[in-house]
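Chemist: First the structure, then my questions, so here it is.
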Amino acid sequence: MPLRLPIKKQLTARSDRVKSVDIFPGENPWVLAALYSGNVYIWDYSTNTMIKSFETGNNPVRCAKFIVRKQWIVAGTDDMKMRVFNYNTMDKVKEWDAHNDYIRFIEVHPNRPFIFSCSDDMSIKMWDWEKDFECTQIFEGHSHYVMMLRVNPRDTNTFASASLDKSIKVWSLTTATPHFSLEGNGGHDKGVNCIDYYPGGDKPYLLSGADDRTIKIWDYQTKACLQTLEGHSHNVTSVCFHPRLPLILSASEDGTVRLWHATTYRPETTLNYGLERAWCIAVTKDSNKVAIGYDEGTIVVKLGNERPVASLDTNGAKLVWAQGHDIQTISLKGLSKAEDGELVDGERIALNPRDLGACEVYPQNVQHNCNGSFIVVCGDGEYIIYTSTALRNKSFGSALDFVWSALGSGDYAIRESISRVRTFKNFKEHKTVSLPVSSADALYGGAVLGVKGPDCVVFFDWEEAQFIRKIDVAPTALYWNEAGDSLVIATADSFYVLKYQRDVVAQALATGNVNPEEGVDGSFDLVATINEKVVTGQWVGECFLFTTDGRKLNYVVGGEVMTLAHLNHAMYLLGFVPKEDRVFLVDKAYNVVSYRLRLSVLSYQTAVVRQDFVTANALLPLIPQSEYGGVARFLESQGFKEEALAVTTDNDQKFELAIELKRMEIAHAVLRQEDATAQRAAQTTGLVVEDSTDTQSKWRRLGDLALLNGDLALAEACALRSADLSGLLLLYSCAGDRAGMLRLAQQARDAGRLNVGFVASLLTGRIEDCLSLLVEHGRLPEATLLARTYLPSQVPAHLALWKADLKKTNEKAAAALADPAEYPNLFADYDVALRVEEMFLRARENAVPSSAYPQAKGDLDLDLIALVKQQLARQAELLQAQQPAEAPRSPSPQVEAEEEAEEAAEEAAEEAAPAESPLASAAASPVRSPAPASPVRAAVVESSSSDEEAEAAPASPAKQVAPASPVPASPLPAWSAPASERKPAPEAQDDDDAEMDALLAEEDALIGDSAATAEVDDEAQEEETHEAAAPAAVPAAAAAQNDDDDVDFDEGEDW
């Protein structure tokens, strides 16, 4: 029967005529194409893109090859030159004149530094790149163009050449003349274009193709033509043996590529992609890829499956694989305890396979049965069952598919056609399956028989072949666990985990309660859907182990995917051997590697998934400490975070779990332990290592959690440890920690954190530090404006710095800046601001407790300038009231104009001043008020009281002193109208003196209260508040005098 080889096209790259192709012999998915236009391209057939391009000129490039050992490509062109390029850097390594005519073909020696070239000058030359591409040998003997040559893989000291003189000659590297020729009787009738050696060591075959449209197979030992293949309708341009498959490939100018069976020589298939003439074919021993060059582009196809033909008996640890027709076996027992040391994860294992014998068919699939006593070899549309130890034939037959049953050692099923499926029991035919689908496309073995239909899979029981269930999904593979109650259905891009309800199925089959279209309802329950593509897989207990197309080895427990290892290249799962606690994998080159997967861990995870915590707790001590990190991650994924925190030995994971569970003491202990470890390392090495970003982030996260839970001490410690200055600013400002804020200001300044240092200094009233920071960082305009607002005495100094800096760029702008010392008229109330500054500096050290906020909050909006101006005005009124009024006289016009201007300015200032708050009115009123609630307010009262004391002292009867010069008594009080408008009665003078004495007494009381401390007890505050709420104590005589003099006062006006 013909080979069942699916053919998949992987690259279609249209271009000019392609005269040569070569596949990269490694993991890179590259194909090299030499074009008749003079270009050399490298295509990536996995992405269908061109990744590199080399230009050799306008002359045709007839051949180009990879030299992987040197990372080169070598090309021969019709200008008779050869060129070598580095395919990584794309630099030209060497260019030299090689022949006297067109260069037809280039061959690279497989293990020596030789390059062979053949030409239309009828010669073959050998070049040594270790001798700067010196020609070390010239081979002559052909009488026409030499079209191709190949090195013998069995004996690399010999090679063969094909020529248009109709002959094939065999040469030695050491002699310039051929050993012998294959021609004459049985030979080609026309020029020979191509040749190839058989890649295996068991057959001395040579393949040739010629212009007579035939392909011949030669035995170069007997020099006899063994077979002639006919079928092409034009010249045969390229032939080759496939190194991995039993195939012969031939390309022809008729536009087709034919595949022939290498053993029976029968034609298998013909490829025609409509790209005109086919000129060249390239294959590689590393894969099943085939590259073809046409007149109109390059094609890459994949023949069959690249998965190695191998099977592992996990119970007996016996590996069986097929190399060509040969069946070999390897024992994996005891590898993990070998004398040369334990196995290393991911490293290639040195194996010594033992030959079991040769198979009559070409193996394309090998499978062990459920207990490992038999193997089946499938290929060429046939199956043969052998004993696994001695390869004795047990049974055979024709079938498209073969699957084993999981129930009996001799039970299996075969698919003979798309409409006929039969089951066998104990190697004898048992039942013919009645299919409820239009066609059977594949079979799947296991606990029940699966038949793939059009976009569905149908299940049958093994005993009576009864219909169980139809599931509408297009599977690529099915995997059953050993217990037969769990199933994975793998599809093209995901897989489904299902639970098989055996009891429900048995009861339904016994009662005949089976839907003829859908089967037994409830026979399968969906457990999980995983968006991963399964390449190969196996169940281990309740864990599903699988490889992905992303080169990862994963396993699934409880719906959670966990990665066991990342693979360097495509690997295929052989199986898990419980006695070795290792997973074995193999690649397409039959290299075997392994990874440790402890059965105790899998058993523990299985118990947790089943919520059998008694068993899980009993298994935990059996797990090594080195595996606790993985166990903790699994517990965390299952939602058992407290248990994961108790198990884990990974500090990072412990910290994350502690933060998530709000276990601040554990998280803090982890961070302290890390600090201690870092300190010991620093002491050992003598090097101080700064904290990483991750470490600082951990401290900040712990600080945030502590702040959230009200642990301010821990929050402060974490912020200090992580240098979280912003967090400290928030913490100190909220807690009212003045000392901490002062430390923070200095720390921020040392760390270069201008913003934090500025705010901390501003909040503590250290305006000088704010100015210093701004000056240090070149923010001179901001410093000057800040001084104008808070420290006006510093304006001249900082203004000078600003002007000096601005003069460097714009002298005119610098000259336009005004200095208050030179232009006082441009700075309103500057002298008042200086007095406010003095008051501020005296009061800023007086801290206000947070408990006084309800009383102090109104002071935040105080207008200190207006407040001080009011105090100064009242002091002036008091001084004027205690001095005798001058004799009334008519003012001169000039004086009258000046007085009117001053009155207008005062009215404008009063209109511009904001409305006073109750606290401000109380502070400005001579009536007794509560103790000041803020340093600012206290400073204002203290300053005004001091000034009033000094200025009002002469008016006190106890402290009366004579003025330096007598001043006539004024008949008018200070608040009366001007003399020009009102003339008081002389008899009111005595009443005025009494009223003034009362005012001075009230002022003395105000001064005494202002000196009191801000922190008073609740009883004093209530008493003072009550007194403040009472109306001002004005003597009755003064009130009567006011009424007699018709002086109007607004209700509530301050004195």
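Residue names in the structure tokens use chain letters A, B, ... in the order shown, residue numbers from 1 in each chain, and ligand numbers from 1 in the order shown.
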Just want the 7 Å neighbourhood of A:Phe374, counted on only C-alpha atoms, with same-chain residues fewer than 5 positions away dropped. Output as a ChimeraX atom specification.

Modeler: /A:368-369,385-388

Chemist: Please identify all polymer residues within 12 Å of A:Pro516, counting only C-alpha atoms, omitting same-chain residues fewer than 3 positions from it, and present them as a ChimeraX atom specification.

Modeler: /A:434-437,458,466-470,509,512-513,519-521

Chemist: Set the distance at 8 Å and use only C-alpha atoms: which residues neighbour stretch 600-606 of chain A once local chain neighbours fewer than 6 positions away are removed? I'd like the list as a compact mmCIF listing (two decimals) with N, CA, C and O atoms, in the first residue's frame.

Modeler:
# COMPACT_ATOMS: atom_id res chain seq x y z
N VAL A 540 -0.86 11.63 34.55
CA VAL A 540 -0.12 11.08 35.68
C VAL A 540 -1.01 11.28 36.90
O VAL A 540 -1.05 12.37 37.49
N GLY A 541 -1.74 10.22 37.29
CA GLY A 541 -2.73 10.37 38.34
C GLY A 541 -3.83 11.31 37.90
O GLY A 541 -4.47 11.11 36.86
N GLU A 542 -4.05 12.37 38.69
CA GLU A 542 -5.04 13.38 38.32
C GLU A 542 -4.41 14.58 37.64
O GLU A 542 -5.08 15.59 37.43
N CYS A 543 -3.13 14.49 37.28
CA CYS A 543 -2.43 15.58 36.60
C CYS A 543 -2.25 15.22 35.14
O CYS A 543 -1.89 14.09 34.80
N VAL A 557 -3.38 20.70 37.01
CA VAL A 557 -3.98 20.11 38.21
C VAL A 557 -5.10 21.04 38.65
O VAL A 557 -4.87 22.22 38.89
N THR A 615 -5.17 13.21 53.66
CA THR A 615 -4.11 12.58 52.86
C THR A 615 -3.04 13.59 52.49
O THR A 615 -1.84 13.28 52.50
N ALA A 616 -3.48 14.82 52.16
CA ALA A 616 -2.51 15.85 51.77
C ALA A 616 -1.56 16.16 52.93
O ALA A 616 -0.33 16.28 52.73
N LEU A 619 0.98 13.47 53.25
CA LEU A 619 1.97 13.43 52.17
C LEU A 619 2.97 14.57 52.24
O LEU A 619 4.07 14.46 51.70
N LEU A 620 2.60 15.67 52.90
CA LEU A 620 3.48 16.84 52.92
C LEU A 620 4.86 16.56 53.49
O LEU A 620 5.87 17.02 52.94
N LEU A 622 6.60 14.02 53.18
CA LEU A 622 7.37 13.23 52.23
C LEU A 622 7.97 14.07 51.10
O LEU A 622 8.80 13.58 50.35
N ILE A 623 7.53 15.32 51.00
CA ILE A 623 8.01 16.19 49.93
C ILE A 623 9.28 16.88 50.40
O ILE A 623 9.32 17.44 51.50
N GLU A 627 11.08 21.44 47.18
CA GLU A 627 9.87 21.49 46.37
C GLU A 627 8.76 22.31 47.03
O GLU A 627 7.68 22.45 46.46
N VAL A 631 4.97 23.77 45.75
CA VAL A 631 3.75 23.36 46.46
C VAL A 631 2.99 24.59 46.94
O VAL A 631 1.75 24.66 46.85
N PHE A 634 1.16 26.21 44.15
CA PHE A 634 -0.03 25.44 43.82
C PHE A 634 -1.15 25.71 44.82
O PHE A 634 -2.30 25.93 44.43

Chemist: Find the residues around A:His566 up to 12 Å (only C-alpha atoms counted), leave out those fewer than 4 positions away in its own chain, and share them as a list of chain:residue names.

Modeler: A:Asp345, A:Gly346, A:Thr547, A:Thr548, A:Asp549, A:Gly550, A:Arg551, A:Lys552, A:Leu553, A:Asn554, A:Met562, A:Ala570, A:Met571, A:Tyr595

Chemist: Mind checking DSSP for stretch 276-417 of chain A and telling me the strand (DSSP E) residues as JSON, numbers by chain?

Modeler: {"A": [278, 279, 280, 281, 282, 283, 289, 290, 291, 292, 293, 294, 297, 298, 299, 300, 301, 302, 303, 310, 311, 312, 313, 318, 319, 320, 321, 322, 323, 326, 327, 328, 329, 330, 331, 354, 355, 356, 357, 358, 365, 366, 367, 368, 374, 375, 376, 377, 378, 379, 382, 383, 384, 385, 386, 387, 393, 394, 395, 396, 397, 398, 401, 402, 403, 404, 412, 413, 414, 415, 416, 417]}

Chemist: Can you list, as a list in words, every protein, DNA or RNA residue that comes within 10 Å of stretch 592-594 of chain A when you count only C-alpha atoms, leaving out same-chain residues fewer than 3 positions away?

Modeler: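 The contact residues come out as Ser336, Leu343, Val344, Asp345, Gly346, Glu347, Arg348, Ile349, Ala350, Leu351, Met571, Tyr572, Leu573, Leu574, Gly575, Phe576, Asp581, Arg582, Val583, Phe584, Leu585, Val586, Asp587, Lys588, Ala589 and Leu597 of chain A.
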